[in-house]
file coords_39.tsv (TSV, C-alpha atoms)
chain	number	residue	atom	x	y	z
A	1	MET	CA	-18.70	35.51	16.54
A	2	SER	CA	-15.26	33.92	16.24
A	3	SER	CA	-13.27	33.91	13.04
A	4	TRP	CA	-13.12	30.90	10.70
A	5	THR	CA	-9.50	30.28	11.72
A	6	ALA	CA	-10.50	30.04	15.39
A	7	ARG	CA	-13.41	27.73	14.55
A	8	LEU	CA	-11.10	25.57	12.43
A	9	ARG	CA	-8.57	25.37	15.29
A	10	GLU	CA	-11.25	24.48	17.83
A	11	THR	CA	-12.70	21.79	15.57
A	12	TYR	CA	-9.22	20.36	14.96
A	13	LEU	CA	-8.31	20.31	18.66
A	14	ARG	CA	-11.68	18.80	19.60
A	15	ASN	CA	-11.28	15.96	17.08
A	16	LEU	CA	-7.55	15.44	17.27
A	17	PRO	CA	-5.96	16.72	20.50
A	18	PRO	CA	-2.12	16.51	20.63
A	19	GLU	CA	-2.16	13.48	22.97
A	20	LYS	CA	-4.14	11.58	20.33
A	21	LEU	CA	-2.10	12.84	17.38
A	22	LEU	CA	1.25	11.91	18.97
A	23	PRO	CA	0.51	9.43	21.78
A	24	ASP	CA	3.09	8.34	24.41
A	25	SER	CA	2.09	4.68	24.37
A	26	GLN	CA	0.01	2.17	22.46
A	27	PRO	CA	-2.31	-0.62	23.70
A	28	ALA	CA	-0.78	-4.00	24.63
A	29	TYR	CA	-2.46	-5.80	21.69
A	30	MET	CA	-0.25	-3.78	19.32
A	31	GLU	CA	2.61	-6.11	20.27
A	32	SER	CA	1.50	-8.42	17.45
A	33	ALA	CA	3.68	-8.13	14.34
A	34	ILE	CA	0.59	-7.82	12.12
A	35	TYR	CA	0.27	-4.19	13.30
A	36	VAL	CA	3.68	-3.37	11.77
A	37	PHE	CA	2.50	-3.72	8.18
A	38	GLY	CA	0.79	-0.32	7.98
A	39	ALA	CA	4.06	1.35	8.97
A	40	LEU	CA	6.01	-0.86	6.53
A	41	THR	CA	3.65	0.24	3.75
A	42	ILE	CA	4.34	3.89	4.55
A	43	GLY	CA	8.09	3.17	4.62
A	44	ALA	CA	7.84	1.65	1.13
A	45	LEU	CA	5.79	4.68	-0.02
A	46	PHE	CA	8.53	7.08	1.16
A	47	THR	CA	11.13	5.01	-0.73
A	48	ILE	CA	8.96	5.13	-3.86
A	49	ILE	CA	8.58	8.90	-3.63
A	50	ALA	CA	12.29	9.52	-2.91
A	51	SER	CA	13.51	7.28	-5.77
A	52	GLY	CA	10.76	8.66	-8.06
A	53	VAL	CA	11.88	12.24	-7.42
A	54	ILE	CA	15.44	11.29	-8.44
A	55	LEU	CA	14.20	9.50	-11.59
A	56	ALA	CA	12.06	12.53	-12.51
A	57	LEU	CA	15.01	14.89	-12.03
A	58	LYS	CA	17.37	12.86	-14.22
A	59	GLY	CA	15.03	11.59	-16.97
A	60	PRO	CA	14.52	8.43	-19.10
A	61	THR	CA	17.90	8.45	-20.88
A	62	TRP	CA	19.68	8.41	-17.50
A	63	TRP	CA	17.56	5.63	-15.97
A	64	HIS	CA	17.97	3.45	-19.10
A	65	THR	CA	21.67	3.95	-19.89
A	66	SER	CA	23.70	4.60	-16.71
A	67	ASP	CA	24.52	2.13	-13.93
A	68	ILE	CA	23.33	4.49	-11.18
A	69	GLY	CA	20.18	5.14	-13.23
A	70	HIS	CA	19.52	1.38	-13.43
A	71	PHE	CA	20.01	1.21	-9.65
A	72	PHE	CA	17.42	3.90	-8.87
A	73	ASN	CA	15.07	2.45	-11.50
A	74	SER	CA	15.31	-0.90	-9.69
A	75	VAL	CA	14.89	0.71	-6.25
A	76	HIS	CA	11.71	2.39	-7.53
A	77	LEU	CA	10.33	-0.89	-8.96
A	78	TRP	CA	11.13	-3.03	-5.90
A	79	ALA	CA	9.80	-0.39	-3.50
A	80	VAL	CA	6.51	-0.59	-5.43
A	81	GLU	CA	6.56	-4.40	-5.18
A	82	LEU	CA	7.08	-4.14	-1.41
A	83	PHE	CA	4.46	-1.37	-1.11
A	84	PHE	CA	1.77	-3.64	-2.56
A	85	PHE	CA	3.12	-6.69	-0.69
A	86	PHE	CA	2.92	-4.91	2.68
A	87	MET	CA	-0.36	-3.18	1.85
A	88	VAL	CA	-2.09	-6.48	0.95
A	89	ILE	CA	-0.95	-8.12	4.22
A	90	HIS	CA	-2.09	-4.97	6.10
A	91	LEU	CA	-5.45	-5.27	4.29
A	92	TRP	CA	-5.82	-8.98	5.16
A	93	GLY	CA	-4.94	-8.32	8.80
A	94	LYS	CA	-7.47	-5.49	9.09
A	95	PHE	CA	-10.15	-7.49	7.25
A	96	TRP	CA	-9.90	-10.42	9.69
A	97	MET	CA	-9.92	-7.95	12.62
A	98	SER	CA	-13.10	-6.32	11.25
A	99	ALA	CA	-11.20	-3.06	11.53
A	100	TRP	CA	-14.28	-1.00	10.63
A	101	ARG	CA	-15.77	-1.70	14.10
A	102	GLY	CA	-16.29	1.06	16.66
A	103	GLY	CA	-17.03	3.93	14.29
A	104	ARG	CA	-13.96	3.25	12.15
A	105	SER	CA	-15.78	2.93	8.82
A	106	ARG	CA	-14.03	6.02	7.41
A	107	VAL	CA	-10.63	4.59	8.37
A	108	TRP	CA	-11.49	1.39	6.45
A	109	MET	CA	-12.91	3.26	3.45
A	110	SER	CA	-9.95	5.66	3.16
A	111	GLY	CA	-7.63	2.64	3.14
A	112	THR	CA	-9.73	0.97	0.45
A	113	ILE	CA	-9.70	4.11	-1.71
A	114	CYS	CA	-5.92	4.35	-1.25
A	115	PHE	CA	-5.55	0.76	-2.51
A	116	LEU	CA	-7.78	1.50	-5.52
A	117	VAL	CA	-5.88	4.70	-6.41
A	118	ALA	CA	-2.51	2.94	-5.99
A	119	ILE	CA	-3.35	0.49	-8.80
A	120	PRO	CA	-3.63	3.09	-11.64
A	121	THR	CA	-0.60	4.86	-10.14
A	122	ALA	CA	1.44	1.70	-10.67
A	123	PHE	CA	-0.08	1.08	-14.12
A	124	THR	CA	0.78	4.60	-15.34
A	125	GLY	CA	4.30	3.91	-14.06
A	126	TYR	CA	4.58	0.88	-16.34
A	127	LEU	CA	3.44	3.17	-19.19
A	128	SER	CA	6.12	5.75	-18.30
A	129	GLN	CA	9.14	3.45	-18.62
A	130	GLN	CA	9.96	4.66	-22.18
A	131	ASN	CA	10.91	1.22	-23.50
A	132	PHE	CA	9.37	-1.62	-25.56
A	133	ASP	CA	7.60	-2.95	-22.46
A	134	SER	CA	5.69	0.31	-21.97
A	135	GLN	CA	4.84	0.47	-25.69
A	136	TRP	CA	3.48	-3.09	-25.57
A	137	ILE	CA	1.43	-2.37	-22.43
A	138	ALA	CA	0.06	0.86	-23.97
A	139	THR	CA	-1.06	-0.81	-27.20
A	140	GLN	CA	-2.72	-3.60	-25.22
A	141	GLY	CA	-4.25	-1.24	-22.64
A	142	LYS	CA	-5.79	1.18	-25.16
A	143	ASP	CA	-8.41	-1.39	-26.19
A	144	GLY	CA	-9.39	-1.91	-22.56
A	145	MET	CA	-9.67	1.84	-21.99
A	146	ASN	CA	-11.72	2.31	-25.18
A	147	ALA	CA	-14.00	-0.57	-24.17
A	148	LEU	CA	-14.62	1.29	-20.90
A	149	GLY	CA	-15.41	4.47	-22.87
A	150	VAL	CA	-12.62	6.53	-21.27
A	151	GLY	CA	-10.05	6.35	-24.09
A	152	SER	CA	-10.73	9.89	-25.33
A	153	PHE	CA	-9.63	11.57	-22.08
A	154	PHE	CA	-7.35	8.86	-20.64
A	155	ASN	CA	-5.12	7.98	-23.59
A	156	VAL	CA	-2.59	5.32	-22.58
A	157	LEU	CA	-0.69	5.90	-25.85
A	158	ASN	CA	0.01	9.52	-24.80
A	159	PHE	CA	3.27	9.36	-22.84
A	160	GLY	CA	3.05	12.98	-21.64
A	161	GLN	CA	-0.43	12.45	-20.20
A	162	MET	CA	0.45	9.13	-18.52
A	163	TYR	CA	3.70	10.57	-17.11
A	164	SER	CA	1.81	13.58	-15.66
A	165	TYR	CA	-0.70	11.25	-14.05
A	166	HIS	CA	2.13	9.08	-12.69
A	167	VAL	CA	4.41	11.76	-11.22
A	168	VAL	CA	1.91	14.46	-10.14
A	169	LEU	CA	-1.82	13.75	-10.04
A	170	LEU	CA	-1.99	10.20	-8.69
A	171	PRO	CA	0.92	10.49	-6.19
A	172	ALA	CA	-0.65	13.71	-4.84
A	173	ALA	CA	-3.95	11.83	-4.43
A	174	ILE	CA	-2.20	8.88	-2.70
A	175	MET	CA	-0.33	11.15	-0.28
A	176	ALA	CA	-3.51	13.07	0.56
A	177	ILE	CA	-5.47	9.84	1.17
A	178	VAL	CA	-2.66	8.28	3.22
A	179	GLY	CA	-2.46	11.49	5.31
A	180	LEU	CA	-6.22	11.39	5.89
A	181	HIS	CA	-6.03	7.65	6.69
A	182	LEU	CA	-3.32	8.27	9.33
A	183	LEU	CA	-5.20	11.17	10.93
A	184	LEU	CA	-8.35	9.02	11.11
A	185	VAL	CA	-6.34	6.17	12.69
A	186	ARG	CA	-5.00	8.62	15.29
A	187	ARG	CA	-8.46	10.02	15.94
A	188	HIS	CA	-10.24	6.68	16.41
A	189	GLY	CA	-7.29	4.67	17.73
A	190	ILE	CA	-6.06	1.25	16.60
A	191	VAL	CA	-8.90	-1.26	16.40
A	192	PRO	CA	-8.88	-3.62	19.42
A	193	PRO	CA	-9.08	-7.42	19.01
A	194	ILE	CA	-12.58	-8.90	18.71
A	195	PRO	CA	-13.81	-9.72	22.28
A	196	LEU	CA	-13.81	-13.46	23.05
A	197	ALA	CA	-17.47	-13.24	24.18
A	198	ASP	CA	-18.46	-12.01	20.68
A	199	LEU	CA	-16.50	-14.82	19.04
A	200	ALA	CA	-18.09	-17.43	21.33
A	201	ALA	CA	-21.55	-16.12	20.45
A	202	THR	CA	-20.92	-16.83	16.77
A	203	VAL	CA	-19.98	-20.48	17.38
A	204	THR	CA	-22.96	-22.81	17.16
A	205	GLU	CA	-23.18	-25.78	19.52
A	206	PRO	CA	-22.76	-29.18	17.82
A	207	LYS	CA	-25.93	-31.29	17.68
A	208	ALA	CA	-26.06	-34.13	20.21
B	209	MET	CA	27.27	-8.65	-11.98
B	210	ALA	CA	25.12	-11.57	-13.05
B	211	ALA	CA	21.55	-11.70	-11.73
B	212	ILE	CA	20.78	-14.30	-9.06
B	213	ILE	CA	17.93	-15.57	-11.25
B	214	ASN	CA	18.17	-15.28	-15.03
B	215	LEU	CA	15.11	-13.26	-16.12
B	216	ASN	CA	16.21	-12.84	-19.73
B	217	HIS	CA	13.52	-15.08	-21.21
B	218	PRO	CA	9.71	-15.06	-21.62
B	219	ALA	CA	7.82	-15.58	-18.36
B	220	HIS	CA	6.86	-19.10	-17.25
B	221	TYR	CA	3.11	-19.60	-16.83
B	222	VAL	CA	0.90	-22.04	-14.96
B	223	HIS	CA	-2.11	-22.88	-17.15
B	224	TRP	CA	-4.85	-25.13	-15.80
B	225	HIS	CA	-8.31	-24.96	-17.44
B	226	PHE	CA	-9.46	-21.32	-16.99
B	227	PHE	CA	-6.61	-20.49	-14.58
B	228	GLN	CA	-3.54	-18.80	-16.08
B	229	MET	CA	-0.94	-16.95	-14.05
B	230	SER	CA	2.80	-16.31	-14.28
B	231	VAL	CA	5.06	-18.24	-11.90
B	232	ALA	CA	6.40	-14.88	-10.65
B	233	ASN	CA	2.91	-13.71	-9.62
B	234	ILE	CA	2.08	-17.06	-8.02
B	235	THR	CA	5.36	-16.89	-6.05
B	236	VAL	CA	4.51	-13.39	-4.74
B	237	ILE	CA	0.97	-14.44	-3.71
B	238	VAL	CA	2.24	-17.61	-1.95
B	239	LEU	CA	4.90	-15.51	-0.19
B	240	MET	CA	2.20	-13.09	1.03
B	241	PHE	CA	0.19	-15.99	2.50
B	242	VAL	CA	3.33	-17.38	4.19
B	243	VAL	CA	4.35	-13.99	5.65
B	244	PHE	CA	0.76	-13.35	6.81
B	245	ALA	CA	0.63	-16.73	8.58
B	246	ILE	CA	4.03	-16.20	10.23
B	247	VAL	CA	3.38	-12.66	11.53
B	248	LEU	CA	0.23	-13.81	13.31
B	249	TRP	CA	2.56	-15.68	15.69
B	250	LEU	CA	5.31	-13.03	15.93
B	251	ARG	CA	5.71	-10.04	18.20
B	252	ALA	CA	6.40	-6.60	16.73
B	253	PRO	CA	10.10	-5.61	16.93
B	254	GLY	CA	11.00	-3.81	20.16
B	255	THR	CA	7.92	-4.86	22.13
B	256	ARG	CA	9.87	-7.25	24.41
B	257	ARG	CA	12.24	-4.42	25.37
B	258	ALA	CA	9.36	-1.98	25.89
B	259	ARG	CA	7.58	-4.47	28.14
B	260	ALA	CA	10.76	-5.01	30.22
B	261	GLU	CA	11.17	-1.23	30.57
B	262	ARG	CA	7.57	-0.88	31.77
B	263	LYS	CA	8.17	-3.50	34.49
B	264	THR	CA	11.31	-1.79	35.84

call {"tool": "encode", "arguments": {"input": "coords_39.tsv", "output": "structure tokens"}}
result
Amino acid sequence: MSSWTARLRETYLRNLPPEKLLPDSQPAYMESAIYVFGALTIGALFTIIASGVILALKGPTWWHTSDIGHFFNSVHLWAVELFFFFMVIHLWGKFWMSAWRGGRSRVWMSGTICFLVAIPTAFTGYLSQQNFDSQWIATQGKDGMNALGVGSFFNVLNFGQMYSYHVVLLPAAIMAIVGLHLLLVRRHGIVPPIPLADLAATVTEPKA
Amino acid sequence: MAAIINLNHPAHYVHWHFFQMSVANITVIVLMFVVFAIVLWLRAPGTRRARAERKT
């Protein structure tokens, strides 16, 4: 009986051989610009993480009082704006392609979960600003959290807890889900366009 | 350096019956629709060159 490491390797290579993981070419239909938005979303995510690491290293006083701190604070904010902008267009494109076709339901679901986890990641970021804006948002948000019954273990007035969620727990979850999403895309391939025959079958003939 | 758009004031809102949204959010949503419509007609960057290389 082979070891668990050998079984793991065999399973990995069976599901994701190197030519699938890092392919030489892509299908012709990927020439449409709509396919670029997944990659743009990842680019924005890298910018968010890089600027976030710098903000975490330097701290709130730096990002509120120095010019270079303001710059990285703005880079972080606008990278988030672009991340959601690109991700929503990516979502629309994949929705109208019915991207869950051909056994790709897990690709679609992992993308959906990523979108849902990204929202509280952004919200905890607004709570971590350490200014009047974050205080206002926290005092407004606490009533919503309490109404949901989660206020006792997700306290938006607790800066330390929100900051931990924002810089460790939720980004780790996002990166893990994005990694899984990419591996699933590589495994199943990019979804092809809907065949014209299928589209024609959905069109009803006008009454004479 | 002065900002291109002065943001040092309360946000402007569009309020129509039950609908209420800031002008900034409406602008972003309209921009997303515009970009989505445009990219449906555009080729991805570099695809023209890649196609020419495949032919040669």

call {"tool": "closest_atom_pairs", "arguments": {"input": "coords_39.tsv", "of": "chain A", "to": "chain B", "cutoff": "9 Å", "atoms": "only C-alpha atoms", "output": "tab-separated table"}}
result
residue	atom	partner	partner_atom	distance
A:Met30	CA	B:Ala252	CA	7.7
A:Glu31	CA	B:Ala252	CA	5.2
A:Ser32	CA	B:Arg251	CA	4.6
A:Ala33	CA	B:Ala252	CA	3.9
A:Ile34	CA	B:Val247	CA	5.6
A:Tyr35	CA	B:Ala252	CA	7.4
A:Val36	CA	B:Ala252	CA	6.5
A:Phe85	CA	B:Met240	CA	6.7
A:Phe86	CA	B:Met240	CA	8.4
A:Val88	CA	B:Met240	CA	7.9
A:Ile89	CA	B:Phe244	CA	6.1
A:His90	CA	B:Phe244	CA	8.9
A:Trp92	CA	B:Phe244	CA	8.1
A:Gly93	CA	B:Phe244	CA	7.9

call {"tool": "write_last_selection", "arguments": {"input": "coords_39.tsv", "atoms": "C-alpha atoms", "output": "PDB file, in the coordinates of the input"}}
result
ATOM      1  CA  MET A  30      -0.250  -3.780  19.320  1.00  0.00           C
ATOM      2  CA  GLU A  31       2.610  -6.110  20.270  1.00  0.00           C
ATOM      3  CA  SER A  32       1.500  -8.420  17.450  1.00  0.00           C
ATOM      4  CA  ALA A  33       3.680  -8.130  14.340  1.00  0.00           C
ATOM      5  CA  ILE A  34       0.590  -7.820  12.120  1.00  0.00           C
ATOM      6  CA  TYR A  35       0.270  -4.190  13.300  1.00  0.00           C
ATOM      7  CA  VAL A  36       3.680  -3.370  11.770  1.00  0.00           C
ATOM      8  CA  PHE A  85       3.120  -6.690  -0.690  1.00  0.00           C
ATOM      9  CA  PHE A  86       2.920  -4.910   2.680  1.00  0.00           C
ATOM     10  CA  VAL A  88      -2.090  -6.480   0.950  1.00  0.00           C
ATOM     11  CA  ILE A  89      -0.950  -8.120   4.220  1.00  0.00           C
ATOM     12  CA  HIS A  90      -2.090  -4.970   6.100  1.00  0.00           C
ATOM     13  CA  TRP A  92      -5.820  -8.980   5.160  1.00  0.00           C
ATOM     14  CA  GLY A  93      -4.940  -8.320   8.800  1.00  0.00           C
TER      15      GLY A  93
END

call {"tool": "residues_around", "arguments": {"input": "coords_39.tsv", "residues": "stretch 42-58 of chain A", "least_positions_apart": "2", "cutoff": "12 Å", "atoms": "only C-alpha atoms", "output": "JSON, numbers by chain"}}
result
{"A": [36, 37, 38, 39, 40, 60, 61, 62, 63, 64, 65, 66, 68, 69, 70, 71, 72, 73, 74, 75, 76, 77, 78, 79, 80, 81, 82, 83, 84, 85, 86, 87, 90, 114, 118, 121, 122, 125, 128, 129, 163, 164, 166, 167, 168, 170, 171, 172, 174, 175, 177, 178, 179, 181, 182]}

call {"tool": "atom_distance", "arguments": {"input": "coords_39.tsv", "atom1": "atom CA of A:Tyr165", "atom2": "atom CA of A:Phe153"}}
result
12.0 Å

call {"tool": "atom_distance", "arguments": {"input": "coords_39.tsv", "atom1": "atom CA of A:Leu169", "atom2": "atom CA of A:Phe115"}}
result
15.5 Å

call {"tool": "closest_residue", "arguments": {"input": "coords_39.tsv", "among": "A:Gly59, A:Tyr29, A:Tyr12, A:Pro18", "to": "A:Met97", "atoms": "only C-alpha atoms"}}
result
A:Tyr29

call {"tool": "closest_residue", "arguments": {"input": "coords_39.tsv", "among": "A:Ile119, A:Ala138, A:Leu8, A:Ala99", "to": "A:Pro192", "atoms": "all atoms listed in the file"}}
result
A:Ala99

call {"tool": "residues_around", "arguments": {"input": "coords_39.tsv", "residues": "A:Pro17", "least_positions_apart": "5", "cutoff": "12 Å", "atoms": "all atoms listed in the file", "output": "PyMOL selection string"}}
result
chain A and resi 9-12+22-23+183+186-188

call {"tool": "atom_distance", "arguments": {"input": "coords_39.tsv", "atom1": "atom CA of A:Ala6", "atom2": "atom CA of A:Glu19"}}
result
20.0 Å

call {"tool": "closest_residue", "arguments": {"input": "coords_39.tsv", "among": "A:Trp4, A:Phe123, A:Trp136, A:Trp108", "to": "A:Lys94", "atoms": "all atoms listed in the file"}}
result
A:Trp108
